[in-house]
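Q: Provided below: upload_1.txt, containing compact mmCIF, C-alpha atoms and all ligand atoms.
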# COMPACT_ATOMS: atom_id res chain seq x y z
CA MET V 1 -4.35 13.70 -33.88
CA THR V 2 -7.84 14.73 -32.85
CA ILE V 3 -8.81 16.09 -29.45
CA ARG V 4 -9.46 13.49 -26.76
CA THR V 5 -13.02 12.98 -25.70
CA THR V 6 -14.48 11.20 -22.69
CA SER V 7 -18.00 10.02 -22.05
CA GLY V 8 -18.29 9.47 -18.29
CA ARG V 9 -18.54 6.19 -16.43
CA GLY V 10 -22.04 5.48 -17.61
CA ARG V 11 -23.48 5.41 -14.11
CA LEU V 12 -24.33 7.64 -11.16
CA TYR V 13 -22.67 6.60 -7.90
CA GLU V 14 -24.80 6.26 -4.78
CA SER V 15 -21.81 6.55 -2.42
CA VAL V 16 -18.10 7.29 -2.57
CA VAL V 17 -17.49 3.70 -1.40
CA ASP V 18 -18.83 2.42 -4.71
CA THR V 19 -15.86 4.07 -6.43
CA VAL V 20 -13.31 1.79 -4.72
CA GLY V 21 -11.31 -0.46 -7.06
CA ASP V 22 -10.99 -0.76 -10.83
CA THR V 23 -7.67 1.06 -10.74
CA PRO V 24 -5.73 1.43 -13.98
CA VAL V 25 -2.73 -0.62 -15.11
CA ILE V 26 -0.31 1.76 -16.84
CA ARG V 27 2.76 1.03 -18.99
CA LEU V 28 6.09 2.67 -18.16
CA ASN V 29 7.43 4.37 -21.29
CA THR V 30 10.74 5.91 -20.23
CA ILE V 31 12.44 4.42 -17.19
CA ALA V 32 12.14 0.68 -17.93
CA PRO V 33 14.85 -1.10 -19.94
CA LYS V 34 13.94 -1.99 -23.53
CA ASN V 35 14.18 -5.79 -23.07
CA VAL V 36 11.00 -5.85 -20.95
CA THR V 37 7.62 -4.15 -20.60
CA VAL V 38 6.83 -2.88 -17.12
CA TYR V 39 3.29 -2.02 -16.04
CA VAL V 40 2.17 -0.50 -12.76
CA LYS V 41 -1.21 -0.85 -11.07
CA ALA V 42 -1.87 2.61 -9.67
CA GLU V 43 -3.89 2.27 -6.46
CA ALA V 44 -3.80 6.05 -5.92
CA PHE V 45 -6.87 6.12 -8.19
CA ASN V 46 -8.97 4.81 -5.27
CA PRO V 47 -11.15 7.49 -3.57
CA ALA V 48 -8.89 7.84 -0.51
CA ALA V 49 -5.87 7.29 -2.74
CA SER V 50 -4.52 3.93 -1.61
CA VAL V 51 -4.86 0.16 -1.97
CA LYS V 52 -6.19 0.05 1.58
CA ASP V 53 -9.55 1.51 0.56
CA ARG V 54 -10.37 -2.00 -0.67
CA LEU V 55 -9.66 -3.68 2.65
CA ALA V 56 -11.27 -0.87 4.67
CA LEU V 57 -14.50 -1.23 2.72
CA ASN V 58 -14.61 -5.01 3.00
CA ILE V 59 -13.78 -5.09 6.72
CA ILE V 60 -16.79 -2.83 7.36
CA GLU V 61 -19.13 -4.46 4.83
CA ALA V 62 -18.28 -8.05 5.84
CA ALA V 63 -18.94 -7.12 9.49
CA GLU V 64 -22.22 -5.45 8.46
CA ARG V 65 -23.26 -8.52 6.44
CA GLU V 66 -22.47 -10.88 9.32
CA GLY V 67 -23.95 -8.67 12.06
CA ARG V 68 -20.59 -8.20 13.82
CA LEU V 69 -20.82 -4.41 13.51
CA LYS V 70 -23.83 -2.60 14.98
CA PRO V 71 -25.19 0.65 13.51
CA GLY V 72 -23.26 3.57 14.99
CA GLN V 73 -20.73 1.32 16.78
CA THR V 74 -17.23 2.77 17.08
CA VAL V 75 -14.55 1.18 14.90
CA VAL V 76 -10.94 1.06 16.16
CA GLU V 77 -7.74 0.02 14.37
CA ALA V 78 -3.96 0.22 14.59
CA THR V 79 -2.63 1.55 11.32
CA SER V 80 0.41 3.24 9.86
CA GLY V 81 -1.86 5.47 7.86
CA ASN V 82 -3.39 4.20 4.67
CA THR V 83 -5.77 1.75 6.36
CA GLY V 84 -6.76 4.52 8.75
CA ILE V 85 -7.38 6.94 5.89
CA GLY V 86 -9.39 4.29 4.00
CA LEU V 87 -11.38 3.40 7.13
CA ALA V 88 -11.95 7.10 7.84
CA MET V 89 -13.39 7.52 4.32
CA VAL V 90 -15.62 4.44 4.65
CA CYS V 91 -16.71 5.23 8.24
CA ALA V 92 -17.52 8.85 7.29
CA ALA V 93 -19.59 7.66 4.33
CA LYS V 94 -21.40 5.01 6.37
CA GLY V 95 -21.77 6.87 9.70
CA TYR V 96 -19.46 4.97 12.06
CA PRO V 97 -17.17 6.81 14.53
CA LEU V 98 -13.51 5.78 14.05
CA VAL V 99 -10.54 5.77 16.45
CA VAL V 100 -7.10 5.05 15.00
CA THR V 101 -3.98 4.20 17.00
CA MET V 102 -0.70 5.07 15.30
CA ALA V 103 2.98 5.27 16.31
CA ASP V 104 4.17 8.88 16.35
CA SER V 105 6.90 8.05 13.80
CA PHE V 106 4.52 8.06 10.81
CA SER V 107 4.10 11.17 8.68
CA VAL V 108 2.07 14.02 10.22
CA GLU V 109 0.02 14.49 7.05
CA ARG V 110 -1.44 11.01 7.64
CA ARG V 111 -2.70 12.01 11.10
CA ARG V 112 -4.16 15.23 9.82
CA LEU V 113 -5.82 13.49 6.88
CA MET V 114 -7.57 11.04 9.20
CA ARG V 115 -8.71 13.83 11.52
CA PHE V 116 -9.89 15.79 8.45
CA LEU V 117 -12.01 12.76 7.53
CA GLY V 118 -13.57 12.84 11.01
CA ALA V 119 -11.51 10.16 12.80
CA LYS V 120 -9.78 10.41 16.19
CA VAL V 121 -6.05 9.57 16.16
CA VAL V 122 -4.40 8.25 19.36
CA LEU V 123 -0.59 8.33 19.11
CA THR V 124 1.63 5.65 20.64
CA PRO V 125 5.39 5.86 21.39
CA ARG V 126 7.58 5.03 18.38
CA ALA V 127 9.88 2.98 20.65
CA LYS V 128 7.00 0.51 21.08
CA LYS V 129 6.83 0.08 17.27
CA GLY V 130 3.88 -1.47 15.43
CA PHE V 131 3.34 -3.89 18.29
CA GLY V 132 2.63 -1.00 20.69
CA MET V 133 0.03 0.69 18.50
CA TYR V 134 -1.57 -2.65 17.95
CA GLN V 135 -1.78 -3.48 21.68
CA LYS V 136 -3.28 -0.03 22.30
CA ALA V 137 -6.05 -0.61 19.73
CA LYS V 138 -6.85 -3.96 21.36
CA GLU V 139 -6.92 -2.39 24.83
CA LEU V 140 -9.30 0.36 23.67
CA ALA V 141 -11.58 -2.15 21.91
CA ASP V 142 -11.75 -4.39 25.00
CA ALA V 143 -12.32 -1.48 27.40
CA ASN V 144 -15.09 0.14 25.32
CA GLY V 145 -16.76 -2.69 23.41
CA TRP V 146 -15.59 -1.23 20.11
CA PHE V 147 -15.25 -3.11 16.82
CA LEU V 148 -11.57 -3.93 16.20
CA ALA V 149 -10.93 -3.97 12.45
CA SER V 150 -8.01 -6.50 12.77
CA GLN V 151 -6.50 -5.89 9.35
CA PHE V 152 -3.53 -8.17 10.12
CA GLU V 153 -5.67 -11.22 10.97
CA THR V 154 -9.06 -10.94 9.27
CA LYS V 155 -9.90 -13.06 6.25
CA ASP V 156 -11.83 -10.05 4.91
CA ASN V 157 -8.44 -8.60 3.92
CA ALA V 158 -7.06 -11.11 1.37
CA ASP V 159 -10.64 -11.99 0.31
CA ILE V 160 -11.26 -8.53 -1.13
CA HIS V 161 -8.00 -8.65 -3.08
CA GLU V 162 -9.01 -12.05 -4.43
CA SER V 163 -12.42 -10.72 -5.49
CA THR V 164 -11.32 -7.27 -6.78
CA THR V 165 -7.57 -6.62 -7.27
CA ALA V 166 -6.88 -10.08 -8.71
CA ARG V 167 -9.96 -10.04 -10.96
CA GLU V 168 -8.98 -6.64 -12.31
CA ILE V 169 -5.51 -7.97 -13.14
CA MET V 170 -6.99 -11.07 -14.79
CA GLY V 171 -9.35 -8.91 -16.84
CA ASP V 172 -6.77 -6.34 -17.89
CA PHE V 173 -4.19 -8.97 -18.87
CA ASP V 174 -6.72 -11.25 -20.56
CA GLY V 175 -5.00 -12.66 -23.64
CA GLN V 176 -1.80 -10.76 -22.78
CA ARG V 177 1.53 -11.95 -21.48
CA LEU V 178 2.18 -11.52 -17.73
CA ASP V 179 5.47 -13.03 -16.59
CA TYR V 180 6.01 -11.41 -13.19
CA PHE V 181 3.80 -9.88 -10.50
CA VAL V 182 5.72 -7.84 -7.91
CA SER V 183 4.43 -6.80 -4.49
CA GLY V 184 5.68 -5.92 -1.03
CA TYR V 185 3.58 -6.58 2.04
CA GLY V 186 2.18 -4.69 4.98
CA THR V 187 -0.55 -7.02 6.14
CA GLY V 188 0.06 -9.33 3.16
CA GLY V 189 -3.54 -8.91 1.99
CA THR V 190 -2.59 -7.79 -1.51
CA VAL V 191 -0.15 -10.61 -2.21
CA SER V 192 -2.19 -13.37 -0.54
CA GLY V 193 -5.41 -12.37 -2.33
CA VAL V 194 -3.86 -11.79 -5.76
CA ALA V 195 -1.73 -14.94 -5.52
CA ARG V 196 -4.76 -17.16 -4.83
CA VAL V 197 -6.04 -16.26 -8.29
CA LEU V 198 -2.72 -16.07 -10.18
CA ARG V 199 -1.61 -19.50 -8.91
CA LYS V 200 -4.87 -21.00 -10.17
CA ASP V 201 -5.55 -19.09 -13.39
CA ARG V 202 -2.09 -17.81 -14.43
CA PRO V 203 0.27 -20.48 -13.02
CA ASP V 204 3.11 -19.36 -15.30
CA THR V 205 3.18 -15.87 -13.77
CA LYS V 206 6.04 -15.66 -11.28
CA ILE V 207 5.14 -13.92 -8.03
CA ILE V 208 7.93 -11.81 -6.57
CA LEU V 209 7.67 -10.77 -2.94
CA THR V 210 9.79 -7.99 -1.51
CA GLU V 211 10.58 -6.47 1.88
CA PRO V 212 12.97 -3.80 3.20
CA ALA V 213 16.61 -4.99 3.12
CA ASN V 214 17.18 -3.84 6.71
CA ALA V 215 13.97 -5.49 7.97
CA ALA V 216 14.10 -8.76 6.06
CA ILE V 217 11.89 -10.65 8.49
CA VAL V 218 10.47 -13.14 5.97
CA GLY V 219 13.99 -13.75 4.67
CA SER V 220 15.16 -14.55 8.22
CA GLY V 221 13.03 -17.70 8.24
CA TYR V 222 11.87 -17.02 11.83
CA ILE V 223 8.11 -16.76 12.40
CA ASN V 224 7.13 -14.66 15.43
CA LYS V 225 4.88 -16.23 18.05
CA ARG V 226 1.14 -15.60 17.80
CA ASN V 227 -1.78 -16.15 20.17
CA ASP V 228 -4.93 -18.19 19.50
CA ALA V 229 -6.49 -15.21 17.70
CA HIS V 230 -3.42 -15.16 15.39
CA GLN V 231 -2.29 -11.84 16.85
CA PRO V 232 1.48 -11.32 17.24
CA GLU V 233 2.81 -11.92 20.71
CA GLU V 234 6.29 -10.53 20.14
CA SER V 235 8.18 -8.08 17.98
CA HIS V 236 10.21 -9.91 15.27
CA PRO V 237 13.90 -9.99 16.29
CA ASN V 238 15.10 -9.18 12.74
CA PHE V 239 12.97 -6.06 12.39
CA GLU V 240 14.58 -2.64 12.15
CA PRO V 241 12.87 0.69 11.43
CA HIS V 242 12.82 1.31 7.67
CA PRO V 243 11.66 4.18 5.44
CA ILE V 244 9.14 2.16 3.39
CA GLN V 245 5.99 3.26 5.22
CA GLY V 246 3.16 0.77 4.98
CA TRP V 247 5.46 -2.20 4.38
CA THR V 248 6.72 -4.83 6.84
CA PRO V 249 5.52 -4.18 10.37
CA ASP V 250 7.69 -5.57 13.18
CA PHE V 251 5.98 -8.94 12.95
CA ILE V 252 4.89 -11.43 10.26
CA PRO V 253 1.11 -10.95 10.04
CA TRP V 254 -1.29 -13.86 9.92
CA VAL V 255 -2.71 -12.62 6.60
CA LEU V 256 0.79 -12.91 5.06
CA GLN V 257 1.29 -16.37 6.60
CA GLU V 258 -1.00 -17.81 3.89
CA THR V 259 1.50 -16.67 1.25
CA LEU V 260 4.36 -18.32 3.16
CA ASP V 261 2.47 -21.58 3.86
CA LYS V 262 1.12 -21.99 0.32
CA LYS V 263 4.39 -20.92 -1.33
CA PHE V 264 2.59 -18.09 -3.08
CA TYR V 265 5.88 -16.45 -4.06
CA ASP V 266 8.62 -17.70 -6.36
CA GLU V 267 11.33 -15.34 -5.19
CA LEU V 268 11.90 -12.98 -2.26
CA ILE V 269 13.97 -9.93 -3.24
CA PRO V 270 14.85 -7.49 -0.43
CA ILE V 271 15.22 -3.82 -1.38
CA PRO V 272 17.00 -0.98 0.45
CA GLY V 273 14.66 1.96 1.21
CA PRO V 274 16.87 4.57 -0.51
CA GLU V 275 16.54 2.66 -3.81
CA GLY V 276 12.77 2.76 -3.45
CA ILE V 277 12.90 6.50 -2.84
CA ALA V 278 15.07 7.00 -5.93
CA TRP V 279 12.65 5.03 -8.14
CA SER V 280 9.61 6.82 -6.72
CA ARG V 281 11.24 10.11 -7.74
CA ARG V 282 12.01 8.79 -11.22
CA LEU V 283 8.42 7.54 -11.64
CA ALA V 284 7.18 11.05 -10.84
CA ALA V 285 9.72 13.10 -12.78
CA GLU V 286 10.15 10.87 -15.84
CA GLU V 287 6.80 9.08 -16.16
CA GLY V 288 4.42 11.51 -14.42
CA ILE V 289 3.30 8.69 -12.13
CA PHE V 290 3.01 9.84 -8.53
CA THR V 291 3.44 7.15 -5.87
CA GLY V 292 4.85 6.69 -2.38
CA ILE V 293 8.01 4.97 -1.18
CA SER V 294 6.47 1.49 -1.29
CA GLY V 295 5.48 1.99 -4.94
CA GLY V 296 9.02 3.15 -5.76
CA SER V 297 10.41 0.14 -3.91
CA THR V 298 8.18 -2.26 -5.84
CA VAL V 299 9.33 -0.72 -9.12
CA ALA V 300 12.95 -0.94 -7.91
CA VAL V 301 12.44 -4.70 -7.58
CA ALA V 302 10.77 -4.85 -11.02
CA MET V 303 13.92 -3.21 -12.44
CA LYS V 304 16.12 -5.82 -10.73
CA ILE V 305 14.03 -8.58 -12.30
CA ALA V 306 14.32 -6.85 -15.67
CA GLU V 307 18.12 -7.25 -15.51
CA THR V 308 17.91 -11.04 -15.94
CA ALA V 309 14.38 -11.54 -17.33
CA PRO V 310 14.03 -13.16 -20.77
CA GLU V 311 13.64 -10.76 -23.71
CA GLY V 312 10.07 -9.48 -24.04
CA SER V 313 9.04 -10.29 -20.45
CA VAL V 314 6.05 -8.44 -19.03
CA ILE V 315 6.25 -7.30 -15.39
CA LEU V 316 3.44 -5.84 -13.27
CA ALA V 317 4.35 -3.84 -10.13
CA MET V 318 1.82 -2.71 -7.52
CA LEU V 319 1.86 1.00 -6.66
CA PRO V 320 -0.02 1.07 -3.32
CA ASP V 321 -0.57 4.81 -2.85
CA THR V 322 0.04 8.42 -3.83
CA GLY V 323 3.26 10.37 -3.30
CA GLU V 324 1.29 13.27 -1.85
CA ARG V 325 1.16 11.37 1.44
CA TYR V 326 4.92 11.81 1.90
CA LEU V 327 5.55 15.57 1.80
CA SER V 328 7.20 15.56 5.24
CA THR V 329 9.19 12.35 4.73
CA PRO V 330 12.59 11.48 3.17
CA LEU V 331 10.80 11.10 -0.20
CA PHE V 332 10.65 14.89 -0.49
CA GLU V 333 14.01 15.57 1.17
CA GLY V 334 16.03 17.95 -0.98
CA ILE V 335 12.96 19.16 -2.89
CA PRO V 336 13.38 22.89 -2.24
CA GLU V 337 10.71 25.40 -1.21
CA GLU V 338 12.78 28.37 -2.39
CA MET V 339 13.99 29.04 -5.94
CA THR V 340 17.09 27.15 -7.03
CA GLU V 341 20.01 28.94 -8.73
CA GLU V 342 18.65 27.83 -12.09
CA GLU V 343 15.19 29.22 -11.27
CA VAL V 344 16.68 32.54 -10.06
CA ALA V 345 18.64 32.76 -13.33
CA LEU V 346 15.40 32.19 -15.24
CA MET V 347 13.65 34.90 -13.20
CA LYS V 348 16.45 37.36 -13.99
CA SER V 349 16.51 36.50 -17.67
CA THR V 350 13.59 38.85 -18.44
CA PRO V 351 13.12 42.37 -16.99
CA GLY V 352 9.66 42.19 -15.35
CA TYR V 353 8.17 40.61 -12.20
CA GLN V 354 11.42 40.00 -10.32
CA MET V 355 11.46 39.04 -6.62
CA GLU V 356 13.43 41.27 -4.22
CA GLY V 357 16.74 40.15 -2.71
N1 LIG D 1 2.26 0.20 0.69
C1 LIG D 1 1.62 1.05 1.49
C2 LIG D 1 1.95 2.51 1.39
C3 LIG D 1 0.66 0.58 2.41
O1 LIG D 1 0.04 1.45 3.22
C4 LIG D 1 0.41 -0.81 2.47
C5 LIG D 1 -0.58 -1.35 3.45
N2 LIG D 1 -0.21 -1.14 4.80
C6 LIG D 1 1.10 -1.68 1.63
C7 LIG D 1 2.01 -1.12 0.74
C8 LIG D 1 0.94 -3.18 1.68
O2 LIG D 1 -0.32 -3.69 1.42
P1 LIG D 1 -0.88 -5.01 2.11
O3 LIG D 1 -1.30 -4.62 3.53
O4 LIG D 1 -2.03 -5.42 1.30
O5 LIG D 1 0.20 -6.03 2.19
Is it possible to give me this structure as structure tokens?
A:
Amino acid sequence: MTIRTTSGRGRLYESVVDTVGDTPVIRLNTIAPKNVTVYVKAEAFNPAASVKDRLALNIIEAAEREGRLKPGQTVVEATSGNTGIGLAMVCAAKGYPLVVTMADSFSVERRRLMRFLGAKVVLTPRAKKGFGMYQKAKELADANGWFLASQFETKDNADIHESTTAREIMGDFDGQRLDYFVSGYGTGGTVSGVARVLRKDRPDTKIILTEPANAAIVGSGYINKRNDAHQPEESHPNFEPHPIQGWTPDFIPWVLQETLDKKFYDELIPIPGPEGIAWSRRLAAEEGIFTGISGGSTVAVAMKIAETAPEGSVILAMLPDTGERYLSTPLFEGIPEEMTEEEVALMKSTPGYQMEG
């Protein structure tokens, strides 16, 4: 084997925002059963390390194109983190002030990341759930004449997945088998946008939608009420807090409604959060692929499909973000800071450089 060489991307980038997208699809080599091939699309390769960089960029650029966003106007959005981090990256690069509203239940590293990227973060009470942070963003936008990004309603969300994420999948699987595409939903932008293309160009690919088992709001069959602007008017009665950050807010978003109305999914498979956490850990420790709880949960569903899938099936699972965003969450629970017994034994196995005590 000769040494690996690389030759650059063949271009100079004018802005960090031009590096959004074109994330790699990677085969799992260890943890998938032998009867199938499982690939993951690793969105952590985006500049602010999540799938939401795509939507953040298009919300701003579509508003710029259509004159809805004025130079220097403040942008405001309710977000559990990744959209805020993506928007903070885009707004910093393009010179817009950003205010994010966020329930205080989401991980502290997300708040600090957004502030690090120059945004202001206004916390809302966790008891008021996603609905509360959302109402707060609306209130602030109305009171100050700010631009509300509206990730849950805007067509700019699924559109960018149709024009980037889906095209990348089509290109990478050109001439290759692709039997299943697996995705959860937060806004539903990923699944709605990708499904538009798969249904048309790869109609044999089964689309598997997933949601947290204890917050199975799509599975309940009940659609929450919405106002004329398609914004939720109530918290979904079947929602319960769940550990899969970024997935399933406490309402069915308008952007996801397209997937429900057009039957963009073939099967809905709920997944318990702890299973997602377990698979995220296995992806990291056994494949070297670092993703958050939603990525682990998507792979958990891919593994369930693998149990009954025909021999040789090819499954693609979305990995929405990086595991580094979860240091203070249950994903890292039990990962020690101090040396374990095994590590202490290793330290003592040679005479030099031993810690005291
Ligand atoms: N996983 C994580 C970690 C996310 O932040 C999001 C977006 N909120 C998703 C999954 C779901 O993506 P989408 O909004 O496109 O449905």
Q: So that I can see what lies close to segment 130-136 of chain V, please list as a VMD selection string the residues with an atom at most 9 Å from it, counting all atoms listed in the file and leaving out residues fewer than 2 positions away in the same chain.
A: chain V and resid 77 to 80 101 to 103 122 to 128 138 to 141 232 to 235 249 to 251
Q: Provide the atom CA of Leu98 of chain V to atom CA of His161 of chain V distance in Å, to one decimal place.
A: 23.1 Å
Q: Please return as a ChimeraX atom specification the residues found within 8 Å of ligand LIG 1 (chain D), counting all atoms listed in the file.
A: /V:50-52,55,79-83,151-152,157-158,183-191,244-248,256,292-295,319-321
Q: Any idea what's packed within 9 Å of Val38 of chain V, counting only C-alpha atoms, ignoring anything in its chain fewer than 5 positions away? Could you give it as a list in words?
A: Ile26, Arg27, Leu28, Asn29, Ala32, Pro33, Val299, Ala302, Met303, Ala306, Ser313, Val314, Ile315, Leu316 and Ala317 of chain V
Q: Could you please determine the separation between atom CA of His230 of chain V and atom CA of Leu260 of chain V in Å, to one decimal place?
A: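 Atom CA of Leu260 of chain V lies at a distance of 14.8 Å from atom CA of His230 of chain V.
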Q: Can you list, as a list in words, every protein, DNA or RNA residue that comes within 7 Å of Phe45 of chain V when you count all atoms listed in the file, leaving out same-chain residues fewer than 3 positions away?
A: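 My list of contacting residues is Thr23, Ala42 and Ala49 of chain V.
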Q: Can you pull out the residues contacting Arg112 of chain V? Cut-off 12 Å, using all atoms listed in the file, and skip same-chain residues under 2 positions away; I want them as an MDAnalysis selection string.
A: chainID V and resid 81 84:85 88 100 106:110 114:122 325
Q: In Å to one decimal, how far is atom CA of His236 of chain V from atom CA of Lys206 of chain V?
A: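 The value is 27.5 Å.
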Q: With only C-alpha atoms as the atoms that count, which of V:Val76, V:Leu283, V:Met89, V:Ile31 lies nearest to Asp53 of chain V?
A: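 Among the listed residues, V:Met89 lies closest to Asp53 of chain V.
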Q: Report as a VMD selection string all protein, DNA and RNA residues lying within 12 Å of segment 7-9 of chain V, evaluated on only C-alpha atoms, omitting residues in the same chain fewer than 3 positions from it.
A: chain V and resid 4 12 to 13 19 22
Q: Select, from V:Ala62, V:Val75, V:Leu113, V:Met1, the residue with the minimum atom-to-atom distance to Ala48 of chain V, counting only C-alpha atoms.
A: V:Leu113
Q: Restricting the calculation to only C-alpha atoms: of V:Pro71, V:Gly323, V:Gly145, V:Pro24, which residue gets closest to Ile169 of chain V?
A: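 Nearest candidate to Ile169 of chain V out of V:Pro71, V:Gly323, V:Gly145, V:Pro24: V:Pro24.
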